[in-house]
Amino acid sequence: MTNIHPTAIIDAKAEIAASALIGPYCVVGPDVQLGDSVELVSHVAVAGRTKIGAGTRIFPFASIGHRPQDLKFRGEPSTLEIGQNNQIREHVTMNPGTEGGGMVTRVGNDCLFMASAHVAHDCILGDNVIMANNATLAGHVTVGEFAFLGGLSAVHQFVRIGRHAMIGGMSGVEADVIPFGTVIGNRACLNGLNIVGLKRRGFSRDDIHTLRNAYRLLFAPEGTLQERLSDVEEQFKGNDVVMEIVAFIRSDSSRSLSTPKFSGDAT
């Protein structure tokens, strides 16, 4: 296969599409599948039961599919599934799943992982996620589509990050982040809505205005969160984006919910 550099080491059992490009000094294990036009630029190591979708490009010194950093892992046949048209930059690490987390780590399509980002075992990421340099996900984290994680941010295990959420740089995220929300801080607190992201994604002025009103009511100082949640559900029951937040909060989670640091500071 002329698309494989002679210095690359490719196990004979690996499934490599004819259009894949494998550059110098890459190492590909026996249970790896590379789709059409996947490119390993150089010095990329892909191991384990790893499947990489068409058009994904992986840059030097990325470590993809090696055993999880979990002491409970006993070599179970877990997998790493990476979707199509992703950009995985230098020194990124991604690990497969474990028996304790569903046996799979899954990355969607059209994502960008900047240098040294880390996706741990059993994480599930939607499409169009961006993780900036050194952003880190612990195990069992879920990230909704179009979420953005700033540089040097770290997300605690089992945390849920909703769609279109924004994680500020150098933030430590210990609690669930609502869809369309923004969090920031050493122990990150909710800091309003991701208005810039919503505008860039083409959300209407009416939807953004409605989200602002729902946010203010949901995180007002009066009453309990459950009482305010019921009020929001009743008042905005015809609005899909608000109902997405309501459903997210009502869903089962092992983590608490990220809320504003001070009552009534909604934006």
# chains A, B, ... in the order shown; residues from 1 in each chain; ligands from 1

$ residues_around --residues "range 120-133 of chain A" --least-positions-apart "4" --cutoff "9 Å" --atoms "only C-alpha atoms" --output "NGL selection string"
:A and (67-70 or 80 or 83 or 86 or 93-98 or 100-116 or 137-153 or 158 or 163-164 or 169)

$ write_last_selection --atoms "C-alpha atoms" --output "short mmCIF file (atom, residue, chain, number, x, y, z; two decimals), in the first residue's frame"
data_model
loop_
_atom_site.label_atom_id
_atom_site.label_comp_id
_atom_site.auth_asym_id
_atom_site.auth_seq_id
_atom_site.Cartn_x
_atom_site.Cartn_y
_atom_site.Cartn_z
CA ARG A 67 -5.20 0.96 28.04
CA PRO A 68 -7.15 3.26 30.38
CA GLN A 69 -5.54 4.99 33.33
CA ASP A 70 -7.87 3.08 35.64
CA LEU A 80 -12.64 3.37 21.48
CA GLY A 83 -16.15 9.48 14.38
CA ASN A 86 -12.06 14.99 13.57
CA THR A 93 -4.53 11.00 24.52
CA MET A 94 -7.76 9.00 24.23
CA ASN A 95 -8.49 5.77 26.13
CA PRO A 96 -11.02 2.97 25.56
CA GLY A 97 -13.85 2.11 27.93
CA THR A 98 -13.94 -0.19 30.93
CA GLY A 100 -17.47 -0.41 34.93
CA GLY A 101 -18.54 2.18 32.38
CA GLY A 102 -20.21 0.50 29.42
CA MET A 103 -17.05 -0.80 27.69
CA VAL A 104 -16.81 2.06 25.20
CA THR A 105 -15.40 5.54 24.84
CA ARG A 106 -17.11 7.35 21.97
CA VAL A 107 -16.18 10.55 20.13
CA GLY A 108 -18.56 12.13 17.62
CA ASN A 109 -17.90 13.79 14.28
CA ASP A 110 -16.23 17.10 13.35
CA CYS A 111 -14.56 17.63 16.73
CA LEU A 112 -11.30 19.47 17.40
CA PHE A 113 -8.90 18.29 20.10
CA MET A 114 -6.06 20.77 20.49
CA ALA A 115 -2.59 19.83 21.73
CA SER A 116 -2.38 17.62 24.84
CA LEU A 137 -11.89 14.84 30.85
CA ALA A 138 -11.87 12.28 33.67
CA GLY A 139 -13.67 8.98 33.21
CA HIS A 140 -17.39 8.62 32.48
CA VAL A 141 -17.89 12.25 31.40
CA THR A 142 -20.55 13.08 28.80
CA VAL A 143 -20.22 16.15 26.59
CA GLY A 144 -23.02 17.43 24.37
CA GLU A 145 -22.60 18.68 20.82
CA PHE A 146 -20.98 22.07 20.18
CA ALA A 147 -19.64 22.27 23.74
CA PHE A 148 -16.36 24.14 24.14
CA LEU A 149 -13.78 23.38 26.84
CA GLY A 150 -11.18 26.09 27.38
CA GLY A 151 -7.47 25.51 27.77
CA LEU A 152 -6.20 23.85 30.97
CA SER A 153 -9.75 23.07 32.13
CA PHE A 158 -19.21 11.38 35.85
CA ARG A 163 -25.03 20.98 24.46
CA HIS A 164 -23.57 24.35 23.50
CA GLY A 169 -10.08 28.24 30.59
#

$ closest_atom_pairs --of "range 47-152 of chain A" --to "range 27-39 of chain A" --cutoff "8 Å" --atoms "only C-alpha atoms" --output "CSV"
residue,atom,partner,partner_atom,distance
A:Ala47,CA,A:Gly29,CA,4.8
A:Gly48,CA,A:Asp31,CA,5.9
A:Arg49,CA,A:Asp31,CA,4.9
A:Thr50,CA,A:Val32,CA,4.9
A:Lys51,CA,A:Gln33,CA,4.7
A:Ile52,CA,A:Leu34,CA,5.1
A:Gly53,CA,A:Gly35,CA,5.0
A:Ala54,CA,A:Gly35,CA,4.5
A:Gly55,CA,A:Val38,CA,4.8
A:Thr56,CA,A:Val38,CA,5.0
A:Arg57,CA,A:Glu39,CA,4.7
A:Ile58,CA,A:Glu39,CA,6.2

$ write_last_selection --atoms "C-alpha atoms" --output "PDB file, in the first residue's frame"
ATOM      1  CA  ALA A  47      -3.637   0.600  19.845  1.00  0.00           C
ATOM      2  CA  GLY A  48      -6.474  -1.462  21.302  1.00  0.00           C
ATOM      3  CA  ARG A  49      -9.881  -2.055  19.750  1.00  0.00           C
ATOM      4  CA  THR A  50      -9.984   1.353  18.145  1.00  0.00           C
ATOM      5  CA  LYS A  51     -12.102   2.442  15.192  1.00  0.00           C
ATOM      6  CA  ILE A  52     -11.381   5.792  13.519  1.00  0.00           C
ATOM      7  CA  GLY A  53     -13.915   7.257  11.092  1.00  0.00           C
ATOM      8  CA  ALA A  54     -13.348   8.645   7.626  1.00  0.00           C
ATOM      9  CA  GLY A  55     -11.480  11.895   7.204  1.00  0.00           C
ATOM     10  CA  THR A  56     -10.105  12.098  10.739  1.00  0.00           C
ATOM     11  CA  ARG A  57      -6.589  13.513  10.924  1.00  0.00           C
ATOM     12  CA  ILE A  58      -4.215  12.731  13.807  1.00  0.00           C
TER      13      ILE A  58
END

$ atom_distance --atom1 "CA of Glu233 in chain A" --atom2 "CA of His209 in chain A"
16.4 Å

$ residues_around --residues "Asn213 in chain A" --least-positions-apart "2" --cutoff "12 Å" --atoms "only C-alpha atoms" --output "number ranges by chain"
A: 192-193, 206-211, 215-220, 232, 235-236, 239, 242, 266-267

$ write_last_selection --atoms "N, CA and C atoms" --output "mmCIF file, in the first residue's frame"
data_model
loop_
_atom_site.group_PDB
_atom_site.id
_atom_site.type_symbol
_atom_site.label_atom_id
_atom_site.label_comp_id
_atom_site.auth_asym_id
_atom_site.auth_seq_id
_atom_site.Cartn_x
_atom_site.Cartn_y
_atom_site.Cartn_z
ATOM 1 N N GLY A 192 -23.785 32.279 33.778
ATOM 2 C CA GLY A 192 -24.668 32.801 32.745
ATOM 3 C C GLY A 192 -24.813 31.844 31.581
ATOM 4 N N LEU A 193 -25.289 32.396 30.464
ATOM 5 C CA LEU A 193 -25.508 31.619 29.252
ATOM 6 C C LEU A 193 -24.398 31.876 28.241
ATOM 7 N N ASP A 206 -35.313 35.467 19.434
ATOM 8 C CA ASP A 206 -36.422 35.079 20.318
ATOM 9 C C ASP A 206 -36.006 33.945 21.250
ATOM 10 N N ASP A 207 -35.311 32.948 20.698
ATOM 11 C CA ASP A 207 -34.864 31.831 21.544
ATOM 12 C C ASP A 207 -33.881 32.313 22.613
ATOM 13 N N ILE A 208 -32.948 33.180 22.231
ATOM 14 C CA ILE A 208 -31.976 33.682 23.196
ATOM 15 C C ILE A 208 -32.672 34.513 24.269
ATOM 16 N N HIS A 209 -33.615 35.346 23.870
ATOM 17 C CA HIS A 209 -34.363 36.143 24.833
ATOM 18 C C HIS A 209 -35.141 35.246 25.795
ATOM 19 N N THR A 210 -35.762 34.209 25.251
ATOM 20 C CA THR A 210 -36.520 33.285 26.098
ATOM 21 C C THR A 210 -35.603 32.541 27.056
ATOM 22 N N LEU A 211 -34.437 32.123 26.567
ATOM 23 C CA LEU A 211 -33.477 31.447 27.432
ATOM 24 C C LEU A 211 -33.020 32.352 28.572
ATOM 25 N N TYR A 215 -33.583 31.407 32.423
ATOM 26 C CA TYR A 215 -32.418 31.317 33.288
ATOM 27 C C TYR A 215 -32.620 32.154 34.549
ATOM 28 N N ARG A 216 -33.088 33.384 34.378
ATOM 29 C CA ARG A 216 -33.302 34.264 35.538
ATOM 30 C C ARG A 216 -34.288 33.649 36.521
ATOM 31 N N LEU A 217 -35.345 33.066 35.996
ATOM 32 C CA LEU A 217 -36.340 32.444 36.869
ATOM 33 C C LEU A 217 -35.779 31.194 37.532
ATOM 34 N N LEU A 218 -35.061 30.398 36.764
ATOM 35 C CA LEU A 218 -34.560 29.130 37.279
ATOM 36 C C LEU A 218 -33.556 29.326 38.409
ATOM 37 N N PHE A 219 -32.741 30.378 38.325
ATOM 38 C CA PHE A 219 -31.706 30.594 39.328
ATOM 39 C C PHE A 219 -31.966 31.843 40.165
ATOM 40 N N ALA A 220 -33.221 32.207 40.303
ATOM 41 C CA ALA A 220 -33.608 33.311 41.182
ATOM 42 C C ALA A 220 -33.407 32.906 42.646
ATOM 43 N N VAL A 232 -40.611 27.043 35.768
ATOM 44 C CA VAL A 232 -40.063 27.189 34.420
ATOM 45 C C VAL A 232 -40.722 26.202 33.462
ATOM 46 N N GLN A 235 -44.205 27.575 32.674
ATOM 47 C CA GLN A 235 -44.238 28.844 31.948
ATOM 48 C C GLN A 235 -43.687 28.732 30.532
ATOM 49 N N PHE A 236 -42.705 27.833 30.315
ATOM 50 C CA PHE A 236 -42.033 27.761 29.013
ATOM 51 C C PHE A 236 -42.234 26.402 28.347
ATOM 52 N N ASN A 239 -41.443 25.761 24.628
ATOM 53 C CA ASN A 239 -40.147 26.146 24.067
ATOM 54 C C ASN A 239 -39.158 24.997 24.194
ATOM 55 N N VAL A 242 -35.677 25.637 26.184
ATOM 56 C CA VAL A 242 -35.843 25.696 27.641
ATOM 57 C C VAL A 242 -36.161 24.309 28.185
ATOM 58 N N ALA A 266 -28.044 36.003 37.424
ATOM 59 C CA ALA A 266 -28.278 35.529 36.085
ATOM 60 C C ALA A 266 -28.039 36.648 35.062
ATOM 61 N N THR A 267 -27.559 36.240 33.881
ATOM 62 C CA THR A 267 -27.337 37.213 32.814
ATOM 63 C C THR A 267 -28.390 37.060 31.743
#

$ closest_residue --among "A:Ile82, A:Ala175, A:Ile4, A:Lys199" --to "Ile16 in chain A" --atoms "only C-alpha atoms"
A:Ile4

$ closest_residue --among "A:Val196, A:Ala135, A:Ala17, A:Ile245" --to "Met170 in chain A" --atoms "only C-alpha atoms"
A:Ala135

$ closest_residue --among "A:Ala154, A:Ala247, A:Cys26, A:Ala20" --to "Ala8 in chain A" --atoms "only C-alpha atoms"
A:Cys26

$ select_by_dssp --residues "range 20-255 of chain A" --states "strand (DSSP E)" --output "ChimeraX atom specification"
/A:21-22,27-28,33-34,39-40,45-46,49-52,57-58,63-64,79-82,87-88,93-94,104-107,112-113,118-119,124-125,130-131,136-137,142-143,148-149,154-155,160-161,166-167,172-173,181-184,189-193

$ decode --residues "range 101-242 of chain A" --atoms "C-alpha atoms" --output "PDB file, in the first residue's frame"
ATOM      1  CA  GLY A 101     -18.541   2.177  32.384  1.00  0.00           C
ATOM      2  CA  GLY A 102     -20.209   0.498  29.420  1.00  0.00           C
ATOM      3  CA  MET A 103     -17.047  -0.800  27.690  1.00  0.00           C
ATOM      4  CA  VAL A 104     -16.808   2.057  25.197  1.00  0.00           C
ATOM      5  CA  THR A 105     -15.396   5.544  24.841  1.00  0.00           C
ATOM      6  CA  ARG A 106     -17.110   7.347  21.971  1.00  0.00           C
ATOM      7  CA  VAL A 107     -16.179  10.552  20.126  1.00  0.00           C
ATOM      8  CA  GLY A 108     -18.564  12.128  17.622  1.00  0.00           C
ATOM      9  CA  ASN A 109     -17.898  13.791  14.279  1.00  0.00           C
ATOM     10  CA  ASP A 110     -16.231  17.104  13.347  1.00  0.00           C
ATOM     11  CA  CYS A 111     -14.556  17.633  16.727  1.00  0.00           C
ATOM     12  CA  LEU A 112     -11.300  19.473  17.403  1.00  0.00           C
ATOM     13  CA  PHE A 113      -8.898  18.295  20.099  1.00  0.00           C
ATOM     14  CA  MET A 114      -6.062  20.769  20.492  1.00  0.00           C
ATOM     15  CA  ALA A 115      -2.593  19.829  21.734  1.00  0.00           C
ATOM     16  CA  SER A 116      -2.380  17.619  24.842  1.00  0.00           C
ATOM     17  CA  ALA A 117      -6.136  17.295  25.405  1.00  0.00           C
ATOM     18  CA  HIS A 118      -7.182  14.103  27.206  1.00  0.00           C
ATOM     19  CA  VAL A 119     -10.327  11.976  26.824  1.00  0.00           C
ATOM     20  CA  ALA A 120     -10.454   9.305  29.530  1.00  0.00           C
ATOM     21  CA  HIS A 121     -12.193   5.936  29.629  1.00  0.00           C
ATOM     22  CA  ASP A 122     -15.960   5.680  29.116  1.00  0.00           C
ATOM     23  CA  CYS A 123     -16.422   9.296  28.005  1.00  0.00           C
ATOM     24  CA  ILE A 124     -19.134  10.018  25.444  1.00  0.00           C
ATOM     25  CA  LEU A 125     -18.704  13.123  23.280  1.00  0.00           C
ATOM     26  CA  GLY A 126     -21.177  14.527  20.766  1.00  0.00           C
ATOM     27  CA  ASP A 127     -20.435  16.152  17.422  1.00  0.00           C
ATOM     28  CA  ASN A 128     -18.566  19.451  16.978  1.00  0.00           C
ATOM     29  CA  VAL A 129     -17.004  19.430  20.446  1.00  0.00           C
ATOM     30  CA  ILE A 130     -13.869  21.558  20.873  1.00  0.00           C
ATOM     31  CA  MET A 131     -11.302  20.868  23.577  1.00  0.00           C
ATOM     32  CA  ALA A 132      -8.569  23.510  23.736  1.00  0.00           C
ATOM     33  CA  ASN A 133      -4.955  22.849  24.726  1.00  0.00           C
ATOM     34  CA  ASN A 134      -4.530  20.675  27.840  1.00  0.00           C
ATOM     35  CA  ALA A 135      -8.270  20.386  28.493  1.00  0.00           C
ATOM     36  CA  THR A 136      -8.909  17.153  30.395  1.00  0.00           C
ATOM     37  CA  LEU A 137     -11.885  14.840  30.848  1.00  0.00           C
ATOM     38  CA  ALA A 138     -11.871  12.285  33.667  1.00  0.00           C
ATOM     39  CA  GLY A 139     -13.668   8.978  33.208  1.00  0.00           C
ATOM     40  CA  HIS A 140     -17.388   8.619  32.480  1.00  0.00           C
ATOM     41  CA  VAL A 141     -17.886  12.252  31.403  1.00  0.00           C
ATOM     42  CA  THR A 142     -20.547  13.079  28.800  1.00  0.00           C
ATOM     43  CA  VAL A 143     -20.219  16.148  26.589  1.00  0.00           C
ATOM     44  CA  GLY A 144     -23.022  17.434  24.368  1.00  0.00           C
ATOM     45  CA  GLU A 145     -22.601  18.682  20.816  1.00  0.00           C
ATOM     46  CA  PHE A 146     -20.983  22.069  20.177  1.00  0.00           C
ATOM     47  CA  ALA A 147     -19.641  22.267  23.737  1.00  0.00           C
ATOM     48  CA  PHE A 148     -16.359  24.143  24.141  1.00  0.00           C
ATOM     49  CA  LEU A 149     -13.783  23.376  26.841  1.00  0.00           C
ATOM     50  CA  GLY A 150     -11.185  26.086  27.385  1.00  0.00           C
ATOM     51  CA  GLY A 151      -7.473  25.506  27.774  1.00  0.00           C
ATOM     52  CA  LEU A 152      -6.204  23.849  30.972  1.00  0.00           C
ATOM     53  CA  SER A 153      -9.751  23.069  32.130  1.00  0.00           C
ATOM     54  CA  ALA A 154     -10.403  19.816  34.002  1.00  0.00           C
ATOM     55  CA  VAL A 155     -13.698  17.937  34.316  1.00  0.00           C
ATOM     56  CA  HIS A 156     -14.414  15.584  37.233  1.00  0.00           C
ATOM     57  CA  GLN A 157     -15.503  11.999  36.564  1.00  0.00           C
ATOM     58  CA  PHE A 158     -19.209  11.381  35.850  1.00  0.00           C
ATOM     59  CA  VAL A 159     -19.913  15.065  35.134  1.00  0.00           C
ATOM     60  CA  ARG A 160     -22.391  15.889  32.359  1.00  0.00           C
ATOM     61  CA  ILE A 161     -21.789  18.880  30.100  1.00  0.00           C
ATOM     62  CA  GLY A 162     -24.830  19.956  28.096  1.00  0.00           C
ATOM     63  CA  ARG A 163     -25.026  20.982  24.462  1.00  0.00           C
ATOM     64  CA  HIS A 164     -23.570  24.354  23.497  1.00  0.00           C
ATOM     65  CA  ALA A 165     -22.036  24.790  26.962  1.00  0.00           C
ATOM     66  CA  MET A 166     -18.857  26.790  27.473  1.00  0.00           C
ATOM     67  CA  ILE A 167     -16.168  25.826  30.010  1.00  0.00           C
ATOM     68  CA  GLY A 168     -13.819  28.712  30.761  1.00  0.00           C
ATOM     69  CA  GLY A 169     -10.079  28.235  30.588  1.00  0.00           C
ATOM     70  CA  MET A 170      -8.324  26.927  33.732  1.00  0.00           C
ATOM     71  CA  SER A 171     -11.670  25.908  35.274  1.00  0.00           C
ATOM     72  CA  GLY A 172     -12.179  22.898  37.522  1.00  0.00           C
ATOM     73  CA  VAL A 173     -15.617  21.439  36.779  1.00  0.00           C
ATOM     74  CA  GLU A 174     -17.040  19.259  39.561  1.00  0.00           C
ATOM     75  CA  ALA A 175     -20.772  19.602  38.818  1.00  0.00           C
ATOM     76  CA  ASP A 176     -23.077  19.151  35.824  1.00  0.00           C
ATOM     77  CA  VAL A 177     -23.264  22.077  33.397  1.00  0.00           C
ATOM     78  CA  ILE A 178     -26.670  22.853  31.879  1.00  0.00           C
ATOM     79  CA  PRO A 179     -27.087  23.063  28.107  1.00  0.00           C
ATOM     80  CA  PHE A 180     -26.239  26.554  26.808  1.00  0.00           C
ATOM     81  CA  GLY A 181     -24.555  27.439  30.128  1.00  0.00           C
ATOM     82  CA  THR A 182     -21.153  28.949  30.857  1.00  0.00           C
ATOM     83  CA  VAL A 183     -19.025  28.019  33.866  1.00  0.00           C
ATOM     84  CA  ILE A 184     -15.721  29.426  35.047  1.00  0.00           C
ATOM     85  CA  GLY A 185     -13.498  29.311  38.108  1.00  0.00           C
ATOM     86  CA  ASN A 186     -11.146  27.199  40.187  1.00  0.00           C
ATOM     87  CA  ARG A 187     -14.211  25.274  41.378  1.00  0.00           C
ATOM     88  CA  ALA A 188     -16.383  26.317  38.484  1.00  0.00           C
ATOM     89  CA  CYS A 189     -19.730  28.005  39.048  1.00  0.00           C
ATOM     90  CA  LEU A 190     -22.413  28.787  36.530  1.00  0.00           C
ATOM     91  CA  ASN A 191     -21.744  32.213  35.084  1.00  0.00           C
ATOM     92  CA  GLY A 192     -24.668  32.801  32.745  1.00  0.00           C
ATOM     93  CA  LEU A 193     -25.508  31.619  29.252  1.00  0.00           C
ATOM     94  CA  ASN A 194     -23.158  31.008  26.334  1.00  0.00           C
ATOM     95  CA  ILE A 195     -24.646  33.908  24.379  1.00  0.00           C
ATOM     96  CA  VAL A 196     -21.731  34.256  21.955  1.00  0.00           C
ATOM     97  CA  GLY A 197     -21.863  30.553  21.148  1.00  0.00           C
ATOM     98  CA  LEU A 198     -25.631  30.637  20.654  1.00  0.00           C
ATOM     99  CA  LYS A 199     -25.354  33.537  18.218  1.00  0.00           C
ATOM    100  CA  ARG A 200     -22.607  31.781  16.289  1.00  0.00           C
ATOM    101  CA  ARG A 201     -24.730  28.650  16.039  1.00  0.00           C
ATOM    102  CA  GLY A 202     -27.623  30.626  14.554  1.00  0.00           C
ATOM    103  CA  PHE A 203     -30.066  30.601  17.467  1.00  0.00           C
ATOM    104  CA  SER A 204     -32.811  33.167  16.934  1.00  0.00           C
ATOM    105  CA  ARG A 205     -33.112  36.366  18.957  1.00  0.00           C
ATOM    106  CA  ASP A 206     -36.422  35.079  20.318  1.00  0.00           C
ATOM    107  CA  ASP A 207     -34.864  31.831  21.544  1.00  0.00           C
ATOM    108  CA  ILE A 208     -31.976  33.682  23.196  1.00  0.00           C
ATOM    109  CA  HIS A 209     -34.363  36.143  24.833  1.00  0.00           C
ATOM    110  CA  THR A 210     -36.520  33.285  26.098  1.00  0.00           C
ATOM    111  CA  LEU A 211     -33.477  31.447  27.432  1.00  0.00           C
ATOM    112  CA  ARG A 212     -32.411  34.556  29.345  1.00  0.00           C
ATOM    113  CA  ASN A 213     -35.831  34.841  30.974  1.00  0.00           C
ATOM    114  CA  ALA A 214     -35.941  31.155  31.850  1.00  0.00           C
ATOM    115  CA  TYR A 215     -32.418  31.317  33.288  1.00  0.00           C
ATOM    116  CA  ARG A 216     -33.302  34.264  35.538  1.00  0.00           C
ATOM    117  CA  LEU A 217     -36.340  32.444  36.869  1.00  0.00           C
ATOM    118  CA  LEU A 218     -34.560  29.130  37.279  1.00  0.00           C
ATOM    119  CA  PHE A 219     -31.706  30.594  39.328  1.00  0.00           C
ATOM    120  CA  ALA A 220     -33.608  33.311  41.182  1.00  0.00           C
ATOM    121  CA  PRO A 221     -33.044  33.544  44.976  1.00  0.00           C
ATOM    122  CA  GLU A 222     -36.663  32.753  45.879  1.00  0.00           C
ATOM    123  CA  GLY A 223     -37.827  29.210  46.604  1.00  0.00           C
ATOM    124  CA  THR A 224     -36.065  25.896  46.049  1.00  0.00           C
ATOM    125  CA  LEU A 225     -34.550  24.758  42.779  1.00  0.00           C
ATOM    126  CA  GLN A 226     -37.269  22.126  42.366  1.00  0.00           C
ATOM    127  CA  GLU A 227     -39.969  24.748  42.861  1.00  0.00           C
ATOM    128  CA  ARG A 228     -38.366  27.088  40.348  1.00  0.00           C
ATOM    129  CA  LEU A 229     -37.842  24.201  37.930  1.00  0.00           C
ATOM    130  CA  SER A 230     -41.560  23.416  38.049  1.00  0.00           C
ATOM    131  CA  ASP A 231     -42.371  27.083  37.449  1.00  0.00           C
ATOM    132  CA  VAL A 232     -40.063  27.189  34.420  1.00  0.00           C
ATOM    133  CA  GLU A 233     -41.507  23.953  33.071  1.00  0.00           C
ATOM    134  CA  GLU A 234     -45.017  25.375  33.270  1.00  0.00           C
ATOM    135  CA  GLN A 235     -44.238  28.844  31.948  1.00  0.00           C
ATOM    136  CA  PHE A 236     -42.033  27.761  29.013  1.00  0.00           C
ATOM    137  CA  LYS A 237     -43.518  24.349  28.193  1.00  0.00           C
ATOM    138  CA  GLY A 238     -43.821  25.198  24.495  1.00  0.00           C
ATOM    139  CA  ASN A 239     -40.147  26.146  24.067  1.00  0.00           C
ATOM    140  CA  ASP A 240     -37.853  23.298  23.067  1.00  0.00           C
ATOM    141  CA  VAL A 241     -34.566  24.899  24.139  1.00  0.00           C
ATOM    142  CA  VAL A 242     -35.843  25.696  27.641  1.00  0.00           C
TER     143      VAL A 242
END
